[in-house]
Amino acid sequence: MKSPELDALSRAADEAPPALRQQNRAAAFLRQCLALTEMEMRKLRHDPTELATRALQPMLWLAVFGEVFSRVRAIPTGSSMRYLDFLAPGVLAQSVLFIGIFYGIAVIWERDLGIVHKLLVSPAPRVALVFGKALSGGVRGLSQGVAVYALAWLLGVAINWRAGMLAGVALAILLGAATFSTLSLIIACIVRTRERFMGIGQVLTMPLFFASNAIYPIAIMPGWLKVIAWLNPLTYEVDAMRAMMIRGGKTIFGLGMDFAILALSVLVLAGLAGKLYPNLAK
Amino acid sequence: MNILETQALTRRYGDLTAVDGVNLSVAAGEIFGLLGPNGAGKTTVIKMLTTLLPPTSGRATVAGFDVQRQPARVREAIGYVPQLVSVDGTLTGYENLLIFAKLYGVPRSERESRIAAALEFVGLEDAAERMVRGYSGGMMRRLEIALAMLHRPQVLFLDEPTVGLDPLARQTVWQHVKSLAGEFQMTVFLTTHFMEEADHLCGRVAIMNLGRVSALGRPQDLKASIGKPEATLDEVFAHFTGHELESGGDFREISRTRRSIARRG
Ligand SMILES: Nc1ncnc2c1ncn2[C@@H]1O[C@H](COP(=O)(O)OP(=O)(O)OP(=O)(O)O)[C@@H](O)[C@H]1O
Ligand SMILES: [Mg+2]
């Protein structure tokens, strides 16, 4: 039996004027993308303890590393900013980075089962699946954001509570999480096994973190490290967050540039991930 | 017109020819079985037909669409239950269905009724709100069947639908597969290495060994063709391939079965 609904749908799509057809396709794309995100949110709702354990690491960074280094004044922030104020956005970006990089493992898990196979046999375009994953990473990232804000507030960080600024940070979290979860997906598609992924994940996260402006300003880096930091999307994420999360925070590159680079990273990486995603089922 | 057709379908992995010039045609409404031992190439055939894997050479059409040139159209027309467990243990049965209904674009007005119908079809109404990780292997398989029929595909691919199930659960799955073809007029393309399963379910079977199809026909005709209408399919298999079909012995098989058990526990 042909499904009358699907038939009608595809007929409508075929007969529709091009503009409407594009609109239908865009609506389908969004729906498929959100379906995957909803899947993630439902999982989190069933097991919220995971979110709590993930919030532990940024807390340690802020409460221990941050407090100690504030006191010894070992790291110049390059402005009048207190070190703890300087560090808080960096820790937020770091926790979003870890969430993103963790995504590859989840995808490999889905591959070891047959879930990837099922997703790839659905009519959803590969890129819709990738964006769905990226957005799922973003949702987890937002929950980290809440945890980091709460702790930063307790520690007396000079948080900028203006709604526009909060929304801006949320957007930076979404883009940052999308960037790194997509990067992680690409790695998963290439290495395909948990063991190899773990190795590469470790090797990658640390340089991404340390070759950025997350815990010290770029100005104090040696020249070669500066170059890496400029190529590192995390740098722009931190730069934007620092300007928006902290009262009196300033960007180095400008918010427009920060967001443009993050958006571009997501698009390029998602395109690549869409190409590589089918490898997981081969 | 045939709803599924392959011409000299071939897939190589390096030096290994996993699928070697396979020609098949399946009519709408058939339950067609691909029968063969571990490593015969059954999964590789299914992956090519479901657009997961590009053929090295040859071609295949499903529901009138070329798997390589029109993969998106093929995907709209098919359902697929992979050999591996493909439901999410950390969601409920209902949630698994809901996500796929959205992914497949089941219209919102019909979503709930379709999900309810699918749950009823496989007899999982009472378990719908439970986490899938607590399901038995048979219940997981039934949920996977419910998932695959949700969007009313024309062709349903089942890769070893009853591997690792106890005899009772196996019978239940067989019943469901039969009524998918009967009540819902779906074409079913399944693989198996259980002779009994092919005998019980399939209108026609292709016996596959080392990437090649060595015999094709209705089970009773295959039996008759070796001069023993009362032969078991095992004997038929030995006749056409020159060796015994042993089932359930090798490492892959065992680790697979174990894995499905581990996921239940
Ligand atoms: N990704 C791969 N890379 C290399 N070789 C592969 C790959 N997938 C399958 N093979 C090989 O191709 C052959 C056919 O494998 P396939 O999985 O299609 O067999 P099957 O009939 O489904 O067996 P089983 O009953 O074990 O599922 C086997 O020899 C297998 O080792
Ligand atoms: Mg197989």
# chains A, B, ... in the order shown; residues from 1 in each chain; ligands from 1

call {"tool": "residues_near_ligand", "arguments": {"ligand": "ligand 1", "cutoff": "6 Å", "atoms": "only C-alpha atoms and all ligand atoms", "output": "compact mmCIF listing (two decimals) with C-alpha atoms, in the first residue's frame"}}
result
# COMPACT_ATOMS: atom_id res chain seq x y z
CA LYS A 282 29.26 1.75 5.97
CA TYR B 13 35.81 -4.20 0.41
CA ALA B 18 31.27 -9.20 -0.31
CA PRO B 37 25.34 -18.12 6.62
CA ASN B 38 27.43 -15.52 8.44
CA GLY B 39 29.47 -13.47 6.03
CA ALA B 40 27.37 -14.40 2.99
CA GLY B 41 26.85 -10.73 2.18
CA LYS B 42 23.22 -10.37 3.28
CA THR B 43 23.70 -7.20 5.31
CA THR B 44 25.82 -5.70 2.55

call {"tool": "residues_around", "arguments": {"residues": "Arg218 in chain B", "least_positions_apart": "5", "cutoff": "7 Å", "atoms": "only C-alpha atoms", "output": "VMD selection string"}}
result
chain B and resid 203 to 205

call {"tool": "write_last_selection", "arguments": {"atoms": "N, CA and C atoms", "output": "CSV table (one decimal), in the first residue's frame"}}
result
chain,number,residue,atom,x,y,z
B,203,GLY,N,7.6,-16.1,0.7
B,203,GLY,CA,7.1,-16.6,-0.6
B,203,GLY,C,8.2,-17.2,-1.4
B,204,ARG,N,9.3,-16.4,-1.5
B,204,ARG,CA,10.4,-16.8,-2.3
B,204,ARG,C,11.7,-16.5,-1.5
B,205,VAL,N,12.7,-17.3,-1.7
B,205,VAL,CA,14.0,-17.1,-1.1
B,205,VAL,C,15.1,-17.1,-2.1

call {"tool": "residues_near_ligand", "arguments": {"ligand": "ligand 2", "cutoff": "12 Å", "atoms": "only C-alpha atoms and all ligand atoms", "output": "PDB file with all heavy atoms, in the first residue's frame"}}
result
ATOM      1  N   ALA B  18      32.289  -8.800  -1.292  1.00  0.00           N
ATOM      2  CA  ALA B  18      31.272  -9.202  -0.312  1.00  0.00           C
ATOM      3  C   ALA B  18      29.959  -9.556  -0.993  1.00  0.00           C
ATOM      4  O   ALA B  18      29.233 -10.446  -0.558  1.00  0.00           O
ATOM      5  CB  ALA B  18      31.060  -8.094   0.709  1.00  0.00           C
ATOM      6  N   LEU B  34      16.369 -13.438   2.010  1.00  0.00           N
ATOM      7  CA  LEU B  34      17.743 -13.639   1.566  1.00  0.00           C
ATOM      8  C   LEU B  34      18.374 -14.527   2.632  1.00  0.00           C
ATOM      9  O   LEU B  34      18.496 -14.128   3.791  1.00  0.00           O
ATOM     10  CB  LEU B  34      18.434 -12.290   1.497  1.00  0.00           C
ATOM     11  CG  LEU B  34      19.687 -12.141   0.644  1.00  0.00           C
ATOM     12  CD1 LEU B  34      19.449 -12.615  -0.763  1.00  0.00           C
ATOM     13  CD2 LEU B  34      20.104 -10.674   0.641  1.00  0.00           C
ATOM     14  N   LEU B  35      18.725 -15.736   2.209  1.00  0.00           N
ATOM     15  CA  LEU B  35      19.103 -16.754   3.173  1.00  0.00           C
ATOM     16  C   LEU B  35      20.568 -17.073   3.007  1.00  0.00           C
ATOM     17  O   LEU B  35      21.025 -17.323   1.897  1.00  0.00           O
ATOM     18  CB  LEU B  35      18.240 -17.984   2.858  1.00  0.00           C
ATOM     19  CG  LEU B  35      18.332 -19.204   3.726  1.00  0.00           C
ATOM     20  CD1 LEU B  35      17.844 -18.866   5.108  1.00  0.00           C
ATOM     21  CD2 LEU B  35      17.471 -20.304   3.125  1.00  0.00           C
ATOM     22  N   GLY B  36      21.320 -17.051   4.100  1.00  0.00           N
ATOM     23  CA  GLY B  36      22.725 -17.397   3.959  1.00  0.00           C
ATOM     24  C   GLY B  36      23.428 -17.386   5.298  1.00  0.00           C
ATOM     25  O   GLY B  36      22.933 -16.795   6.257  1.00  0.00           O
ATOM     26  N   PRO B  37      24.587 -18.030   5.359  1.00  0.00           N
ATOM     27  CA  PRO B  37      25.337 -18.118   6.620  1.00  0.00           C
ATOM     28  C   PRO B  37      26.016 -16.788   6.946  1.00  0.00           C
ATOM     29  O   PRO B  37      25.957 -15.845   6.160  1.00  0.00           O
ATOM     30  CB  PRO B  37      26.377 -19.192   6.333  1.00  0.00           C
ATOM     31  CG  PRO B  37      26.615 -19.098   4.864  1.00  0.00           C
ATOM     32  CD  PRO B  37      25.305 -18.688   4.255  1.00  0.00           C
ATOM     33  N   ASN B  38      26.670 -16.718   8.073  1.00  0.00           N
ATOM     34  CA  ASN B  38      27.427 -15.520   8.443  1.00  0.00           C
ATOM     35  C   ASN B  38      28.424 -15.179   7.352  1.00  0.00           C
ATOM     36  O   ASN B  38      29.088 -16.058   6.818  1.00  0.00           O
ATOM     37  CB  ASN B  38      28.215 -15.744   9.736  1.00  0.00           C
ATOM     38  CG  ASN B  38      27.300 -15.908  10.934  1.00  0.00           C
ATOM     39  OD1 ASN B  38      27.496 -16.785  11.754  1.00  0.00           O
ATOM     40  ND2 ASN B  38      26.288 -15.069  11.028  1.00  0.00           N
ATOM     41  N   GLY B  39      28.490 -13.907   7.012  1.00  0.00           N
ATOM     42  CA  GLY B  39      29.473 -13.475   6.027  1.00  0.00           C
ATOM     43  C   GLY B  39      29.052 -13.695   4.586  1.00  0.00           C
ATOM     44  O   GLY B  39      29.819 -13.438   3.660  1.00  0.00           O
ATOM     45  N   ALA B  40      27.821 -14.131   4.364  1.00  0.00           N
ATOM     46  CA  ALA B  40      27.369 -14.397   2.993  1.00  0.00           C
ATOM     47  C   ALA B  40      27.251 -13.103   2.193  1.00  0.00           C
ATOM     48  O   ALA B  40      27.356 -13.113   0.963  1.00  0.00           O
ATOM     49  CB  ALA B  40      26.023 -15.114   3.024  1.00  0.00           C
ATOM     50  N   GLY B  41      27.030 -12.007   2.879  1.00  0.00           N
ATOM     51  CA  GLY B  41      26.848 -10.734   2.183  1.00  0.00           C
ATOM     52  C   GLY B  41      25.434 -10.192   2.294  1.00  0.00           C
ATOM     53  O   GLY B  41      25.075  -9.227   1.616  1.00  0.00           O
ATOM     54  N   LYS B  42      24.630 -10.773   3.166  1.00  0.00           N
ATOM     55  CA  LYS B  42      23.222 -10.369   3.285  1.00  0.00           C
ATOM     56  C   LYS B  42      23.090  -8.908   3.737  1.00  0.00           C
ATOM     57  O   LYS B  42      22.372  -8.122   3.128  1.00  0.00           O
ATOM     58  CB  LYS B  42      22.496 -11.271   4.317  1.00  0.00           C
ATOM     59  CG  LYS B  42      22.615 -12.756   4.039  1.00  0.00           C
ATOM     60  CD  LYS B  42      21.868 -13.577   5.079  1.00  0.00           C
ATOM     61  CE  LYS B  42      22.417 -13.496   6.508  1.00  0.00           C
ATOM     62  NZ  LYS B  42      23.744 -14.074   6.693  1.00  0.00           N
ATOM     63  N   THR B  43      23.799  -8.565   4.807  1.00  0.00           N
ATOM     64  CA  THR B  43      23.705  -7.198   5.309  1.00  0.00           C
ATOM     65  C   THR B  43      24.219  -6.201   4.276  1.00  0.00           C
ATOM     66  O   THR B  43      23.657  -5.111   4.104  1.00  0.00           O
ATOM     67  CB  THR B  43      24.490  -7.054   6.632  1.00  0.00           C
ATOM     68  OG1 THR B  43      23.886  -7.910   7.604  1.00  0.00           O
ATOM     69  CG2 THR B  43      24.479  -5.632   7.140  1.00  0.00           C
ATOM     70  N   THR B  44      25.275  -6.589   3.575  1.00  0.00           N
ATOM     71  CA  THR B  44      25.825  -5.703   2.554  1.00  0.00           C
ATOM     72  C   THR B  44      24.785  -5.425   1.463  1.00  0.00           C
ATOM     73  O   THR B  44      24.648  -4.295   1.002  1.00  0.00           O
ATOM     74  CB  THR B  44      27.111  -6.313   1.970  1.00  0.00           C
ATOM     75  OG1 THR B  44      27.979  -6.655   3.049  1.00  0.00           O
ATOM     76  CG2 THR B  44      27.819  -5.336   1.055  1.00  0.00           C
ATOM     77  N   VAL B  45      24.027  -6.454   1.072  1.00  0.00           N
ATOM     78  CA  VAL B  45      22.963  -6.243   0.085  1.00  0.00           C
ATOM     79  C   VAL B  45      21.933  -5.252   0.638  1.00  0.00           C
ATOM     80  O   VAL B  45      21.564  -4.280  -0.028  1.00  0.00           O
ATOM     81  CB  VAL B  45      22.269  -7.573  -0.291  1.00  0.00           C
ATOM     82  CG1 VAL B  45      20.994  -7.310  -1.073  1.00  0.00           C
ATOM     83  CG2 VAL B  45      23.210  -8.465  -1.081  1.00  0.00           C
ATOM     84  N   ILE B  46      21.512  -5.479   1.866  1.00  0.00           N
ATOM     85  CA  ILE B  46      20.499  -4.591   2.452  1.00  0.00           C
ATOM     86  C   ILE B  46      21.013  -3.162   2.559  1.00  0.00           C
ATOM     87  O   ILE B  46      20.285  -2.203   2.287  1.00  0.00           O
ATOM     88  CB  ILE B  46      20.059  -5.117   3.848  1.00  0.00           C
ATOM     89  CG1 ILE B  46      19.154  -6.329   3.653  1.00  0.00           C
ATOM     90  CG2 ILE B  46      19.360  -4.021   4.643  1.00  0.00           C
ATOM     91  CD1 ILE B  46      18.003  -6.444   4.607  1.00  0.00           C
ATOM     92  N   LYS B  47      22.263  -3.004   2.929  1.00  0.00           N
ATOM     93  CA  LYS B  47      22.799  -1.646   3.045  1.00  0.00           C
ATOM     94  C   LYS B  47      22.811  -0.934   1.697  1.00  0.00           C
ATOM     95  O   LYS B  47      22.574   0.267   1.616  1.00  0.00           O
ATOM     96  CB  LYS B  47      24.215  -1.672   3.623  1.00  0.00           C
ATOM     97  CG  LYS B  47      24.241  -1.867   5.130  1.00  0.00           C
ATOM     98  CD  LYS B  47      25.649  -1.728   5.637  1.00  0.00           C
ATOM     99  CE  LYS B  47      25.722  -1.797   7.145  1.00  0.00           C
ATOM    100  NZ  LYS B  47      27.125  -1.735   7.607  1.00  0.00           N
ATOM    101  N   VAL B  81      14.777  -2.151   9.537  1.00  0.00           N
ATOM    102  CA  VAL B  81      15.146  -2.610  10.872  1.00  0.00           C
ATOM    103  C   VAL B  81      16.530  -3.239  10.755  1.00  0.00           C
ATOM    104  O   VAL B  81      16.686  -4.314  10.203  1.00  0.00           O
ATOM    105  CB  VAL B  81      14.148  -3.644  11.431  1.00  0.00           C
ATOM    106  CG1 VAL B  81      14.594  -4.121  12.809  1.00  0.00           C
ATOM    107  CG2 VAL B  81      12.746  -3.039  11.520  1.00  0.00           C
ATOM    108  N   PRO B  82      17.565  -2.528  11.247  1.00  0.00           N
ATOM    109  CA  PRO B  82      18.919  -3.036  11.075  1.00  0.00           C
ATOM    110  C   PRO B  82      19.165  -4.304  11.893  1.00  0.00           C
ATOM    111  O   PRO B  82      18.377  -4.658  12.763  1.00  0.00           O
ATOM    112  CB  PRO B  82      19.805  -1.899  11.590  1.00  0.00           C
ATOM    113  CG  PRO B  82      18.928  -0.760  11.903  1.00  0.00           C
ATOM    114  CD  PRO B  82      17.537  -1.256  11.972  1.00  0.00           C
ATOM    115  N   GLN B  83      20.279  -4.937  11.581  1.00  0.00           N
ATOM    116  CA  GLN B  83      20.650  -6.146  12.313  1.00  0.00           C
ATOM    117  C   GLN B  83      20.933  -5.808  13.787  1.00  0.00           C
ATOM    118  O   GLN B  83      20.594  -6.563  14.682  1.00  0.00           O
ATOM    119  CB  GLN B  83      21.894  -6.743  11.637  1.00  0.00           C
ATOM    120  CG  GLN B  83      22.319  -8.080  12.183  1.00  0.00           C
ATOM    121  CD  GLN B  83      23.336  -8.770  11.267  1.00  0.00           C
ATOM    122  OE1 GLN B  83      23.524  -8.382  10.119  1.00  0.00           O
ATOM    123  NE2 GLN B  83      23.969  -9.784  11.780  1.00  0.00           N
ATOM    124  N   LEU B  84      21.566  -4.652  13.994  1.00  0.00           N
ATOM    125  CA  LEU B  84      21.868  -4.227  15.361  1.00  0.00           C
ATOM    126  C   LEU B  84      20.623  -3.656  16.026  1.00  0.00           C
ATOM    127  O   LEU B  84      19.700  -3.240  15.351  1.00  0.00           O
ATOM    128  CB  LEU B  84      22.943  -3.132  15.326  1.00  0.00           C
ATOM    129  CG  LEU B  84      24.247  -3.516  14.656  1.00  0.00           C
ATOM    130  CD1 LEU B  84      25.025  -2.279  14.251  1.00  0.00           C
ATOM    131  CD2 LEU B  84      25.059  -4.382  15.595  1.00  0.00           C
ATOM    132  N   LEU B 158      14.164  -5.974   6.695  1.00  0.00           N
ATOM    133  CA  LEU B 158      14.412  -6.518   8.032  1.00  0.00           C
ATOM    134  C   LEU B 158      15.687  -7.347   7.965  1.00  0.00           C
ATOM    135  O   LEU B 158      15.743  -8.356   7.265  1.00  0.00           O
ATOM    136  CB  LEU B 158      13.253  -7.416   8.474  1.00  0.00           C
ATOM    137  CG  LEU B 158      11.846  -6.813   8.446  1.00  0.00           C
ATOM    138  CD1 LEU B 158      10.793  -7.902   8.699  1.00  0.00           C
ATOM    139  CD2 LEU B 158      11.728  -5.735   9.503  1.00  0.00           C
ATOM    140  N   ASP B 159      16.709  -6.895   8.690  1.00  0.00           N
ATOM    141  CA  ASP B 159      17.974  -7.628   8.662  1.00  0.00           C
ATOM    142  C   ASP B 159      18.032  -8.564   9.869  1.00  0.00           C
ATOM    143  O   ASP B 159      18.207  -8.105  10.994  1.00  0.00           O
ATOM    144  CB  ASP B 159      19.141  -6.641   8.658  1.00  0.00           C
ATOM    145  CG  ASP B 159      20.447  -7.297   8.185  1.00  0.00           C
ATOM    146  OD1 ASP B 159      20.461  -8.528   8.001  1.00  0.00           O
ATOM    147  OD2 ASP B 159      21.440  -6.563   8.014  1.00  0.00           O
ATOM    148  N   GLU B 160      17.872  -9.840   9.625  1.00  0.00           N
ATOM    149  CA  GLU B 160      17.868 -10.863  10.683  1.00  0.00           C
ATOM    150  C   GLU B 160      16.932 -10.479  11.824  1.00  0.00           C
ATOM    151  O   GLU B 160      17.351 -10.284  12.959  1.00  0.00           O
ATOM    152  CB  GLU B 160      19.286 -11.094  11.210  1.00  0.00           C
ATOM    153  CG  GLU B 160      20.253 -11.331  10.076  1.00  0.00           C
ATOM    154  CD  GLU B 160      21.210 -12.482  10.343  1.00  0.00           C
ATOM    155  OE1 GLU B 160      20.965 -13.275  11.270  1.00  0.00           O
ATOM    156  OE2 GLU B 160      22.188 -12.584   9.586  1.00  0.00           O
ATOM    157  N   PRO B 161      15.635 -10.431  11.514  1.00  0.00           N
ATOM    158  CA  PRO B 161      14.676  -9.915  12.494  1.00  0.00           C
ATOM    159  C   PRO B 161      14.570 -10.736  13.767  1.00  0.00           C
ATOM    160  O   PRO B 161      14.115 -10.218  14.783  1.00  0.00           O
ATOM    161  CB  PRO B 161      13.351  -9.917  11.733  1.00  0.00           C
ATOM    162  CG  PRO B 161      13.538 -10.838  10.586  1.00  0.00           C
ATOM    163  CD  PRO B 161      14.981 -10.771  10.234  1.00  0.00           C
ATOM    164  N   VAL B 163      17.152 -12.793  15.173  1.00  0.00           N
ATOM    165  CA  VAL B 163      18.396 -13.299  15.758  1.00  0.00           C
ATOM    166  C   VAL B 163      18.428 -12.971  17.249  1.00  0.00           C
ATOM    167  O   VAL B 163      18.035 -11.890  17.678  1.00  0.00           O
ATOM    168  CB  VAL B 163      19.631 -12.730  15.014  1.00  0.00           C
ATOM    169  CG1 VAL B 163      19.909 -11.302  15.409  1.00  0.00           C
ATOM    170  CG2 VAL B 163      20.844 -13.596  15.229  1.00  0.00           C
ATOM    171  N   LEU B 190      13.647  -9.579   3.758  1.00  0.00           N
ATOM    172  CA  LEU B 190      14.330  -9.889   5.006  1.00  0.00           C
ATOM    173  C   LEU B 190      15.522 -10.806   4.769  1.00  0.00           C
ATOM    174  O   LEU B 190      15.594 -11.499   3.760  1.00  0.00           O
ATOM    175  CB  LEU B 190      13.363 -10.500   6.023  1.00  0.00           C
ATOM    176  CG  LEU B 190      12.644 -11.807   5.714  1.00  0.00           C
ATOM    177  CD1 LEU B 190      13.520 -13.006   6.090  1.00  0.00           C
ATOM    178  CD2 LEU B 190      11.350 -11.873   6.534  1.00  0.00           C
ATOM    179  N   THR B 191      16.440 -10.781   5.701  1.00  0.00           N
ATOM    180  CA  THR B 191      17.556 -11.720   5.639  1.00  0.00           C
ATOM    181  C   THR B 191      17.470 -12.616   6.862  1.00  0.00           C
ATOM    182  O   THR B 191      16.907 -12.255   7.888  1.00  0.00           O
ATOM    183  CB  THR B 191      18.923 -11.006   5.705  1.00  0.00           C
ATOM    184  OG1 THR B 191      19.126 -10.542   7.044  1.00  0.00           O
ATOM    185  CG2 THR B 191      18.999  -9.847   4.747  1.00  0.00           C
ATOM    186  N   THR B 192      17.997 -13.794   6.715  1.00  0.00           N
ATOM    187  CA  THR B 192      17.981 -14.711   7.835  1.00  0.00           C
ATOM    188  C   THR B 192      19.014 -15.805   7.608  1.00  0.00           C
ATOM    189  O   THR B 192      19.449 -16.033   6.477  1.00  0.00           O
ATOM    190  CB  THR B 192      16.583 -15.343   8.023  1.00  0.00           C
ATOM    191  OG1 THR B 192      16.617 -16.223   9.135  1.00  0.00           O
ATOM    192  CG2 THR B 192      16.152 -16.105   6.789  1.00  0.00           C
ATOM    193  N   HIS B 193      19.445 -16.419   8.690  1.00  0.00           N
ATOM    194  CA  HIS B 193      20.177 -17.654   8.472  1.00  0.00           C
ATOM    195  C   HIS B 193      19.461 -18.838   9.124  1.00  0.00           C
ATOM    196  O   HIS B 193      20.021 -19.899   9.289  1.00  0.00           O
ATOM    197  CB  HIS B 193      21.646 -17.541   8.919  1.00  0.00           C
ATOM    198  CG  HIS B 193      21.818 -17.227  10.364  1.00  0.00           C
ATOM    199  ND1 HIS B 193      22.123 -15.965  10.813  1.00  0.00           N
ATOM    200  CD2 HIS B 193      21.718 -17.999  11.454  1.00  0.00           C
ATOM    201  CE1 HIS B 193      22.212 -15.975  12.127  1.00  0.00           C
ATOM    202  NE2 HIS B 193      21.969 -17.199  12.546  1.00  0.00           N
ATOM    203  N   MET B 208      22.061 -17.448  -0.554  1.00  0.00           N
ATOM    204  CA  MET B 208      23.250 -16.655  -0.815  1.00  0.00           C
ATOM    205  C   MET B 208      24.440 -17.261  -0.089  1.00  0.00           C
ATOM    206  O   MET B 208      24.335 -17.691   1.055  1.00  0.00           O
ATOM    207  CB  MET B 208      23.011 -15.236  -0.303  1.00  0.00           C
ATOM    208  CG  MET B 208      23.957 -14.246  -0.894  1.00  0.00           C
ATOM    209  SD  MET B 208      23.499 -12.587  -0.431  1.00  0.00           S
ATOM    210  CE  MET B 208      24.869 -11.740  -1.188  1.00  0.00           C
ATOM    211  N   GLY B 211      28.739 -14.141  -1.201  1.00  0.00           N
ATOM    212  CA  GLY B 211      28.450 -13.013  -2.066  1.00  0.00           C
ATOM    213  C   GLY B 211      27.633 -13.323  -3.305  1.00  0.00           C
ATOM    214  O   GLY B 211      27.228 -12.424  -4.028  1.00  0.00           O
ATOM    215  N   ARG B 252      31.340 -13.423  15.650  1.00  0.00           N
ATOM    216  CA  ARG B 252      30.485 -12.267  15.387  1.00  0.00           C
ATOM    217  C   ARG B 252      29.067 -12.531  15.874  1.00  0.00           C
ATOM    218  O   ARG B 252      28.424 -11.695  16.482  1.00  0.00           O
ATOM    219  CB  ARG B 252      30.453 -11.973  13.888  1.00  0.00           C
ATOM    220  CG  ARG B 252      31.738 -11.344  13.394  1.00  0.00           C
ATOM    221  CD  ARG B 252      31.454 -10.389  12.272  1.00  0.00           C
ATOM    222  NE  ARG B 252      30.893 -11.072  11.108  1.00  0.00           N
ATOM    223  CZ  ARG B 252      30.244 -10.441  10.155  1.00  0.00           C
ATOM    224  NH1 ARG B 252      30.082  -9.150  10.219  1.00  0.00           N
ATOM    225  NH2 ARG B 252      29.769 -11.099   9.125  1.00  0.00           N
ATOM    226  N   GLU B 253      28.612 -13.720  15.533  1.00  0.00           N
ATOM    227  CA  GLU B 253      27.253 -14.102  15.910  1.00  0.00           C
ATOM    228  C   GLU B 253      27.094 -14.066  17.424  1.00  0.00           C
ATOM    229  O   GLU B 253      26.141 -13.512  17.958  1.00  0.00           O
ATOM    230  CB  GLU B 253      26.995 -15.519  15.379  1.00  0.00           C
ATOM    231  CG  GLU B 253      25.836 -16.239  16.028  1.00  0.00           C
ATOM    232  CD  GLU B 253      24.515 -15.841  15.406  1.00  0.00           C
ATOM    233  OE1 GLU B 253      24.545 -15.112  14.392  1.00  0.00           O
ATOM    234  OE2 GLU B 253      23.494 -16.253  15.930  1.00  0.00           O
ATOM    235  N   ARG B 256      27.257 -10.680  18.927  1.00  0.00           N
ATOM    236  CA  ARG B 256      26.058  -9.924  18.602  1.00  0.00           C
ATOM    237  C   ARG B 256      24.907 -10.312  19.529  1.00  0.00           C
ATOM    238  O   ARG B 256      24.220  -9.474  20.084  1.00  0.00           O
ATOM    239  CB  ARG B 256      25.688 -10.216  17.152  1.00  0.00           C
ATOM    240  CG  ARG B 256      24.649  -9.302  16.598  1.00  0.00           C
ATOM    241  CD  ARG B 256      24.641  -9.440  15.092  1.00  0.00           C
ATOM    242  NE  ARG B 256      24.208 -10.755  14.702  1.00  0.00           N
ATOM    243  CZ  ARG B 256      24.743 -11.449  13.703  1.00  0.00           C
ATOM    244  NH1 ARG B 256      25.733 -10.963  12.999  1.00  0.00           N
ATOM    245  NH2 ARG B 256      24.277 -12.626  13.392  1.00  0.00           N
TER     246      ARG B 256
END

call {"tool": "interface_residues", "arguments": {"of": "chain B", "to": "chain A", "cutoff": "6 Å", "atoms": "only C-alpha atoms", "output": "ChimeraX atom specification"}}
result
/B:53,72,75-76,84-86,99,102-103,152,154,185

call {"tool": "residues_around", "arguments": {"residues": "Gln57 in chain A", "least_positions_apart": "4", "cutoff": "8 Å", "atoms": "only C-alpha atoms", "output": "list of chain:residue names"}}
result
A:Thr53, A:Trp61, A:Ser95

call {"tool": "select_by_dssp", "arguments": {"residues": "range 176-234 of chain B", "states": "helix (DSSP H, G or I)", "output": "list in words"}}
result
His176, Val177, Lys178, Ser179, Leu180, Ala181, Gly182, Met195, Glu196, Glu197, Ala198, Asp199, His200, Leu201, Pro219, Gln220, Asp221, Leu222, Lys223, Ala224, Ser225, Leu233 and Asp234 of chain B

call {"tool": "atom_distance", "arguments": {"atom1": "CA of Gly90 in chain A", "atom2": "CA of Ser136 in chain A"}}
result
21.4 Å

call {"tool": "atom_distance", "arguments": {"atom1": "CA of Val227 in chain A", "atom2": "CA of Ser265 in chain A"}}
result
17.1 Å

call {"tool": "residues_around", "arguments": {"residues": "Asp85 in chain A", "least_positions_apart": "4", "cutoff": "12 Å", "atoms": "only C-alpha atoms", "output": "number ranges by chain"}}
result
A: 62, 66-67, 69-70, 77, 79-81, 89-92, 149, 152-153, 155-160, 214-216, 241-250

call {"tool": "atom_distance", "arguments": {"atom1": "CA of Leu119 in chain B", "atom2": "CA of Leu143 in chain B"}}
result
7.6 Å

call {"tool": "residues_around", "arguments": {"residues": "Ala93 in chain A", "least_positions_apart": "4", "cutoff": "10 Å", "atoms": "only C-alpha atoms", "output": "list in words"}}
result
Pro58, Leu87, Ala88, Pro89, Leu97, Phe98, Ile99, Gly141, Gln144, Gly145, Val148, Ala172, Ile173, Gly176, Ala177, Phe209, Ala214, Leu234, Thr235, Tyr236, Glu237, Val238, Asp239, Met241 and Arg242 of chain A

call {"tool": "closest_residue", "arguments": {"among": "A:Val130, A:Ala74, A:Met206, A:Ile252", "to": "Ile186 in chain A", "atoms": "only C-alpha atoms"}}
result
A:Val130

call {"tool": "residues_around", "arguments": {"residues": "Arg11 in chain B", "least_positions_apart": "5", "cutoff": "7 Å", "atoms": "only C-alpha atoms", "output": "PyMOL selection string"}}
result
chain B and resi 17-20+55-57

call {"tool": "closest_residue", "arguments": {"among": "B:Glu30, B:Asp126, B:Glu5, B:Glu95", "to": "Val67 in chain B", "atoms": "only C-alpha atoms"}}
result
B:Glu5

call {"tool": "select_by_dssp", "arguments": {"residues": "range 6-220 of chain B", "states": "strand (DSSP E)", "output": "PyMOL selection string"}}
result
chain B and resi 6-13+16-27+31-35+57-62+65-66+78-81+155-159+187-192+204-209+212-217
